[in-house]
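A short write-up of the structure that comes next.
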Amino acid sequence: MREDQKNLFLAMGLSLLVIVTWQYFYAGPKQEQARQIAAQIQTQTSVTPPPAAPASSAPQTPGTAPAPSAAPAGVPAAVTPEAALTREAALAASPRIRIDTPALKGSIALRGGRIDDIALKGYRETVDAGSPNIVLLSPANSPHPFYADTGFVGQPGSSIPLPKADTLWTADSTVLTTAKPVTLTHDNGQGLIFTRKIAVDDQYMFTVTDGVRNAGAAEVSLFPYAIVARRGKPKTDGYAVLHEGFVGIVGDSRVQEYTYDSIEKETKATRLMEGASGWLGFTDKYWAAVVIPDQNKAFKGRFSSAGDGVKTYQSDALLDAVTVAPGSSAEAQTRVFVGAKETRTIDAYQKSLTIKNFDLMIDWGWFYFITKPLFWLIDYIFGIVGNFGVAILILTVIVKGVFFPLANRSYLSMAKMKAVQPQMEAIKARYADDKPKQQQEFMELYKREGINPIAGCLPIAVQIPVFFALYKVIFITIEMRQAPFFGWIRDLSAPDPTNLFNLFGLIPYDPTQLPLVGPFLALGIWPLIMGVSMFIQMKMNPEPTDPVQKQMFAWMPVIFTFMLGAFPAGLVIYWSWNNTLSVSQQYFIMRKAGVKVELWDNLRKLVNKPAKS
């Protein structure tokens, strides 16, 4: 076996191993059915509920206060209702304040004072212009409860009536816009007057200012809290390359990420955190809902799961007590992000509001230092050309240009390797029975001719980090969601919608839904183009003389074609274009070096096979 063939075989084998591993661990879908739940969330405001309140399991406290007498009862926790309503009926069960901004539509419930009805104006469920808008938040008594709540809780055993889930607030307006905040008011009848001022910007950030004025005769201590809660495990894509579930940063900790299943493995299904500054909530693939307490105050954070059967998941923050003397008042401000994880928007919030590591709401992964700059480069090119697919093609050219000196040396070294093949064959014949001497002579030959024996691996090795980073960018960034290319590719983040096995749509069925073999039958036009480009790239080199190698090389383009069939179309387009550029580059360098290009001879052999004797 010649050294250049061995090196090429090693490189392709390693590349195949990496792709197989990636497919198995990172791109294997583990989709779960979204549960249709009949549940409604109610909240309690103390461990020992008032006599009129429904019974519930005691909520857990996300930390301890300086002294037992000053320990808060804990943030409100959910209880299981008897029945749920349709979303429309749940919305109609409470008077509401309409939300109307350039990015959001929905409403705030006056009963409970929650932000619990949010849809995104700029995003739809499918690429069809008439499909429904993405709905993020829903009321507590709807089929899929998901809401944000803020307020105050009292001392343990306190009998002070505080606003809760069924409290009916009054409002000074019927609509919330970016230009006009709304203020809710509630008088508890015992000297405390609560206000909740809600403002919203033109993107996805609410600012909620909870206030209390003490018109009574006694001093009170209250603990501000903020909650994001959802009931029932939502449908997730189930890819290990992407985190979906609890997310947040509290104090000096790194980003905390727990899936809905992994939180169950924590003690009492609860993860406690404590520190100054930070944020926490829930993230889906493209959307998020998080609460951001006052960044200048310490708070106790908690991720938790509760309930039997259908679980209630909650991210909450509890701040230190504020003491309100008679005749005085106090306020606590919380920001609530509910919207799309747009990179520019989130980065702008991080900078303007000084929110610690807010950009890590997007799962850039361990290779953040590669992934995010790569996205910024693609996004910059997109701003010029107006098409993310074209931006990916231009990015590939840029990457090729950056690594051209390395690839140039690599291909020149391969060309030299082919030029010394006769000498290598002579060494093999001369030292056929002495392998150590044979390798020693090879090394001397390489040194004399200036050949790097592993140069053939470098072009492929360089591609792998870029391939992984681009996969991450295409898969996680909402900017790539439903981004069209040309023709039939209307979403670069989704697999090629065409399929060879239904004759590209002529037969009305989906082969990928077949049991067992279905996942392997996602074979569209672009994966086929990629397979052809890879086949041509491999034919640029002499065919291996070893029969096993020859069979492996022959089947490798086929294997890669089927494997990449289920990958996002943007990644397959990148791989196809990269192969095409590599073929052109190798052809040019080898011709310039005076080395024969094997492509045409190898293709002729396929057509004109020698007759069997």
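Residue numbering restarts at 1 in every chain; chains get A, B, ... in the order shown in the structure tokens, and ligands count up from 1 in that same order.
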Name the residues in contact with Pro132 (chain A) at a cut-off of 12 Å, using only C-alpha atoms, excluding same-chain residues fewer than 2 positions from it; report them as a tab-separated table (two decimals) with N, CA, C and O atoms, in the first residue's frame.
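This is the output file around28.tsv:
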```
chain	number	residue	atom	x	y	z
A	119	ALA	N	-47.98	36.22	21.79
A	119	ALA	CA	-47.69	35.65	20.47
A	119	ALA	C	-46.72	36.59	19.76
A	119	ALA	O	-46.71	37.80	20.01
A	120	LEU	N	-45.90	36.02	18.87
A	120	LEU	CA	-44.89	36.79	18.17
A	120	LEU	C	-45.39	37.18	16.78
A	120	LEU	O	-45.70	36.30	15.96
A	121	LYS	N	-45.45	38.47	16.51
A	121	LYS	CA	-45.96	38.94	15.22
A	121	LYS	C	-45.03	38.58	14.06
A	121	LYS	O	-45.48	38.37	12.94
A	122	GLY	N	-43.75	38.52	14.32
A	122	GLY	CA	-42.79	38.33	13.24
A	122	GLY	C	-42.45	36.89	12.91
A	122	GLY	O	-41.64	36.64	12.01
A	123	TYR	N	-43.06	35.92	13.61
A	123	TYR	CA	-42.70	34.52	13.40
A	123	TYR	C	-43.95	33.66	13.30
A	123	TYR	O	-44.90	33.83	14.07
A	124	ARG	N	-43.92	32.74	12.33
A	124	ARG	CA	-45.04	31.83	12.11
A	124	ARG	C	-44.59	30.39	12.26
A	124	ARG	O	-43.40	30.09	12.23
A	125	GLU	N	-45.54	29.50	12.39
A	125	GLU	CA	-45.23	28.11	12.66
A	125	GLU	C	-44.55	27.42	11.48
A	125	GLU	O	-43.70	26.55	11.65
A	126	THR	N	-44.92	27.80	10.25
A	126	THR	CA	-44.33	27.20	9.06
A	126	THR	C	-43.90	28.32	8.10
A	126	THR	O	-44.11	29.50	8.37
A	127	VAL	N	-43.33	27.92	6.98
A	127	VAL	CA	-42.90	28.90	5.98
A	127	VAL	C	-44.08	29.51	5.23
A	127	VAL	O	-43.91	30.52	4.52
A	128	ASP	N	-45.27	28.93	5.35
A	128	ASP	CA	-46.46	29.49	4.69
A	128	ASP	C	-46.84	30.81	5.35
A	128	ASP	O	-46.96	30.90	6.59
A	129	ALA	N	-47.07	31.82	4.55
A	129	ALA	CA	-47.37	33.16	5.06
A	129	ALA	C	-48.66	33.20	5.87
A	129	ALA	O	-48.82	34.07	6.73
A	130	GLY	N	-49.57	32.28	5.60
A	130	GLY	CA	-50.84	32.28	6.32
A	130	GLY	C	-50.88	31.40	7.55
A	130	GLY	O	-51.93	31.29	8.19
A	134	ILE	N	-46.39	32.26	16.11
A	134	ILE	CA	-45.86	31.48	17.22
A	134	ILE	C	-46.46	32.00	18.52
A	134	ILE	O	-46.40	33.20	18.83
A	135	VAL	N	-47.05	31.10	19.31
A	135	VAL	CA	-47.61	31.44	20.62
A	135	VAL	C	-46.63	30.95	21.69
A	135	VAL	O	-46.28	29.78	21.73
```
For this session: Would you list the contacts of region 518-535 of chain A as a list in words, taking every protein, DNA or RNA residue within 6 Å and counting only C-alpha atoms, but skipping same-chain residues closer than 4 positions in sequence?
Result: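 Result of the neighbour search: Asp496, Thr498, Asn499, Leu500, Pro511, Thr512, Gln513, Leu514, Pro557, Thr561, Gly565, Ala566, Ser576 and Asn579 of chain A.
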Exercise. If you count only C-alpha atoms, which residues fall within 7 Å of Phe485 (chain A), apart from same-chain ones fewer than 3 positions away, as a list in words?
Worked result: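 Residues meeting the cut-off are Asn387, Phe388, Gly389, Ile489, Arg490 and Leu492 of chain A.
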Expected file contents, prior selection, all heavy atoms, as a compact mmCIF listing (two decimals), in the first residue's frame:
```txt
# COMPACT_ATOMS: atom_id res chain seq x y z
N ASN A 387 -29.17 36.92 1.30
CA ASN A 387 -29.56 35.50 1.22
C ASN A 387 -28.56 34.70 2.04
O ASN A 387 -27.35 34.74 1.77
CB ASN A 387 -29.57 35.03 -0.23
CG ASN A 387 -30.09 33.60 -0.38
OD1 ASN A 387 -29.52 32.66 0.11
ND2 ASN A 387 -31.20 33.47 -1.10
N PHE A 388 -29.07 33.98 3.06
CA PHE A 388 -28.16 33.23 3.93
C PHE A 388 -27.48 32.09 3.19
O PHE A 388 -26.35 31.71 3.51
CB PHE A 388 -28.92 32.69 5.15
CG PHE A 388 -28.95 33.65 6.30
CD1 PHE A 388 -30.14 34.24 6.70
CD2 PHE A 388 -27.79 33.97 6.99
CE1 PHE A 388 -30.18 35.13 7.77
CE2 PHE A 388 -27.81 34.86 8.06
CZ PHE A 388 -29.01 35.44 8.44
N GLY A 389 -28.15 31.50 2.20
CA GLY A 389 -27.53 30.44 1.42
C GLY A 389 -26.33 30.96 0.65
O GLY A 389 -25.25 30.35 0.64
N ILE A 489 -35.54 25.02 -1.77
CA ILE A 489 -35.02 25.17 -0.41
C ILE A 489 -35.61 26.45 0.19
O ILE A 489 -35.15 27.56 -0.08
CB ILE A 489 -33.48 25.23 -0.39
CG1 ILE A 489 -32.89 23.97 -1.00
CG2 ILE A 489 -32.98 25.42 1.04
CD1 ILE A 489 -33.23 22.69 -0.26
N ARG A 490 -36.64 26.28 1.01
CA ARG A 490 -37.31 27.42 1.64
C ARG A 490 -36.90 27.58 3.10
O ARG A 490 -37.31 28.53 3.76
CB ARG A 490 -38.82 27.24 1.53
CG ARG A 490 -39.32 27.15 0.10
CD ARG A 490 -40.80 26.84 0.04
NE ARG A 490 -41.61 27.93 0.58
CZ ARG A 490 -42.90 27.83 0.80
NH1 ARG A 490 -43.54 26.68 0.54
NH2 ARG A 490 -43.58 28.85 1.30
N LEU A 492 -33.25 26.83 5.25
CA LEU A 492 -31.89 26.29 5.31
C LEU A 492 -31.64 25.49 6.58
O LEU A 492 -30.72 24.68 6.63
CB LEU A 492 -30.87 27.43 5.23
CG LEU A 492 -30.72 28.10 3.86
CD1 LEU A 492 -29.93 29.39 4.00
CD2 LEU A 492 -30.04 27.16 2.88
```
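Our summary of the geometry notes that CA of Gly154 (chain A) is positioned 26.5 Å from CA of Phe246 (chain A).
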Exercise. Any idea what the distance is between CA of Gly275 (chain A) and CA of Asp363 (chain A)?
Worked result: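 It comes out at 22.3 Å.
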For this session: Go through A:Phe152, A:Tyr225, A:Phe562, A:Phe475 and flag the residue nearest Asp237 (chain A), using only C-alpha atoms for the distances.
Result: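 Residue with the minimum atom-to-atom distance to Asp237 (chain A): A:Phe475.
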For this session: For Ser304 (chain A), please output as a ChimeraX atom specification all residues within 9 Å (counting only C-alpha atoms; exclusion window: fewer than 3 positions along the same chain).
Result: /A:60,263-264,266,268-272,312-316
Mind writing the picked residues with N, CA, C and O atoms as a PDB file, in the first residue's frame?
```
ATOM      1  N   GLN A  60     -41.168  24.983  48.110  1.00  0.00           N
ATOM      2  CA  GLN A  60     -39.825  24.928  48.641  1.00  0.00           C
ATOM      3  C   GLN A  60     -39.227  26.324  48.616  1.00  0.00           C
ATOM      4  O   GLN A  60     -39.465  27.098  47.703  1.00  0.00           O
ATOM      5  N   ILE A 263     -33.654  17.723  35.833  1.00  0.00           N
ATOM      6  CA  ILE A 263     -33.970  18.386  37.098  1.00  0.00           C
ATOM      7  C   ILE A 263     -34.560  17.395  38.089  1.00  0.00           C
ATOM      8  O   ILE A 263     -34.442  17.568  39.317  1.00  0.00           O
ATOM      9  N   GLU A 264     -35.179  16.334  37.585  1.00  0.00           N
ATOM     10  CA  GLU A 264     -35.757  15.325  38.466  1.00  0.00           C
ATOM     11  C   GLU A 264     -34.686  14.578  39.259  1.00  0.00           C
ATOM     12  O   GLU A 264     -34.960  14.000  40.315  1.00  0.00           O
ATOM     13  N   GLU A 266     -32.092  15.957  40.644  1.00  0.00           N
ATOM     14  CA  GLU A 266     -31.583  16.784  41.733  1.00  0.00           C
ATOM     15  C   GLU A 266     -32.340  16.480  43.027  1.00  0.00           C
ATOM     16  O   GLU A 266     -33.454  15.951  43.009  1.00  0.00           O
ATOM     17  N   LYS A 268     -34.752  16.607  45.798  1.00  0.00           N
ATOM     18  CA  LYS A 268     -36.110  17.151  45.826  1.00  0.00           C
ATOM     19  C   LYS A 268     -36.471  17.832  44.510  1.00  0.00           C
ATOM     20  O   LYS A 268     -37.285  18.764  44.472  1.00  0.00           O
ATOM     21  N   ALA A 269     -35.866  17.369  43.426  1.00  0.00           N
ATOM     22  CA  ALA A 269     -36.122  17.912  42.088  1.00  0.00           C
ATOM     23  C   ALA A 269     -35.955  19.421  42.071  1.00  0.00           C
ATOM     24  O   ALA A 269     -36.714  20.150  41.422  1.00  0.00           O
ATOM     25  N   THR A 270     -34.924  19.898  42.763  1.00  0.00           N
ATOM     26  CA  THR A 270     -34.722  21.339  42.902  1.00  0.00           C
ATOM     27  C   THR A 270     -33.239  21.672  42.787  1.00  0.00           C
ATOM     28  O   THR A 270     -32.394  20.989  43.361  1.00  0.00           O
ATOM     29  N   ARG A 271     -32.946  22.718  42.043  1.00  0.00           N
ATOM     30  CA  ARG A 271     -31.584  23.246  41.959  1.00  0.00           C
ATOM     31  C   ARG A 271     -31.594  24.652  42.528  1.00  0.00           C
ATOM     32  O   ARG A 271     -32.303  25.538  42.041  1.00  0.00           O
ATOM     33  N   LEU A 272     -30.822  24.887  43.608  1.00  0.00           N
ATOM     34  CA  LEU A 272     -30.777  26.171  44.280  1.00  0.00           C
ATOM     35  C   LEU A 272     -29.532  26.944  43.880  1.00  0.00           C
ATOM     36  O   LEU A 272     -28.452  26.364  43.732  1.00  0.00           O
ATOM     37  N   THR A 312     -45.135  20.239  36.963  1.00  0.00           N
ATOM     38  CA  THR A 312     -45.068  21.691  36.867  1.00  0.00           C
ATOM     39  C   THR A 312     -43.606  22.093  37.015  1.00  0.00           C
ATOM     40  O   THR A 312     -42.944  21.707  37.978  1.00  0.00           O
ATOM     41  N   TYR A 313     -43.099  22.849  36.056  1.00  0.00           N
ATOM     42  CA  TYR A 313     -41.701  23.284  36.067  1.00  0.00           C
ATOM     43  C   TYR A 313     -41.670  24.783  36.351  1.00  0.00           C
ATOM     44  O   TYR A 313     -42.480  25.537  35.790  1.00  0.00           O
ATOM     45  N   GLN A 314     -40.726  25.185  37.217  1.00  0.00           N
ATOM     46  CA  GLN A 314     -40.716  26.580  37.638  1.00  0.00           C
ATOM     47  C   GLN A 314     -39.293  27.081  37.809  1.00  0.00           C
ATOM     48  O   GLN A 314     -38.444  26.418  38.407  1.00  0.00           O
ATOM     49  N   SER A 315     -39.031  28.262  37.263  1.00  0.00           N
ATOM     50  CA  SER A 315     -37.803  29.013  37.527  1.00  0.00           C
ATOM     51  C   SER A 315     -38.206  30.262  38.285  1.00  0.00           C
ATOM     52  O   SER A 315     -39.106  30.987  37.842  1.00  0.00           O
ATOM     53  N   ASP A 316     -37.574  30.507  39.415  1.00  0.00           N
ATOM     54  CA  ASP A 316     -37.996  31.659  40.197  1.00  0.00           C
ATOM     55  C   ASP A 316     -36.821  32.329  40.889  1.00  0.00           C
ATOM     56  O   ASP A 316     -35.761  31.735  41.077  1.00  0.00           O
TER      57      ASP A 316
END
```
For this session: Point out the residue among A:Phe223, A:Phe553, A:Phe504, A:Tyr239 with the least atom-to-atom distance to Leu319 (chain A), counting only C-alpha atoms.
Result: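 Among the listed residues, the smallest separation from Leu319 (chain A) belongs to A:Phe223.
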Got a sec: who's within 10 Å of Ala199 (chain A), counting only C-alpha atoms, leaving out chain neighbours fewer than 6 positions off, as a PDB file with C-alpha atoms, in the first residue's frame?
```
ATOM      1  CA  LEU A 176     -50.379  48.230  26.701  1.00  0.00           C
ATOM      2  CA  THR A 177     -48.168  49.763  24.012  1.00  0.00           C
ATOM      3  CA  THR A 178     -44.528  50.776  23.811  1.00  0.00           C
ATOM      4  CA  ALA A 179     -45.554  54.398  24.313  1.00  0.00           C
ATOM      5  CA  LYS A 180     -48.010  53.861  27.158  1.00  0.00           C
ATOM      6  CA  PRO A 181     -47.333  51.624  30.183  1.00  0.00           C
ATOM      7  CA  VAL A 182     -50.225  50.298  32.235  1.00  0.00           C
ATOM      8  CA  THR A 183     -50.552  50.363  36.028  1.00  0.00           C
ATOM      9  CA  MET A 205     -38.580  43.055  27.086  1.00  0.00           C
ATOM     10  CA  PHE A 206     -41.170  43.897  29.741  1.00  0.00           C
ATOM     11  CA  THR A 207     -40.306  46.021  32.759  1.00  0.00           C
ATOM     12  CA  VAL A 208     -42.507  45.214  35.756  1.00  0.00           C
ATOM     13  CA  THR A 209     -42.346  47.471  38.811  1.00  0.00           C
ATOM     14  CA  ARG A 335     -37.545  42.635  33.726  1.00  0.00           C
TER      15      ARG A 335
END
```
Exercise. Which residue out of A:Thr259, A:Val466, A:Glu449, A:Ile362 has the minimum interatomic distance to Phe403 (chain A) when only C-alpha atoms are used?
Worked result: A:Val466
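You can rank A:Phe588, A:Trp600, A:Phe146, A:Tyr368 by their closest distance to Leu412 (chain A) using only C-alpha atoms, and at the top of that list sits A:Phe588.
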For this session: State, in Å with one decimal place, the distance from CA of Leu162 (chain A) to CA of Gln333 (chain A).
Result: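 Going from CA of Leu162 (chain A) over to CA of Gln333 (chain A) covers 17.7 Å.
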Problem set entry | Close residues, region 280-296 of chain A itself excluded, 9 Å, only C-alpha atoms, min 2 positions apart in chain, as a PyMOL selection string | chain A and resi 136-137+147-148+225-230+234+236-237+242-250+256+276-278+298-299+301-303+314-319+332-342+353-356+361-363+475-478+481
Exercise. If you run DSSP on this backbone, which residues of region 104-190 of chain A come out as strand (DSSP E or B), and could you give them as a VMD selection string?
Worked result: chain A and resid 104 to 109 111 115 to 124 133 to 138 146 to 153 168 170 to 171 175 to 176 182 to 187
For this session: Please provide as number ranges by chain all residues within 9 Å of Asn578 (chain A), with the sequence filter that same-chain residues fewer than 4 positions apart are discarded (counting only C-alpha atoms).
Result: A: 393, 396-397, 400, 463, 533, 573-574, 582-583
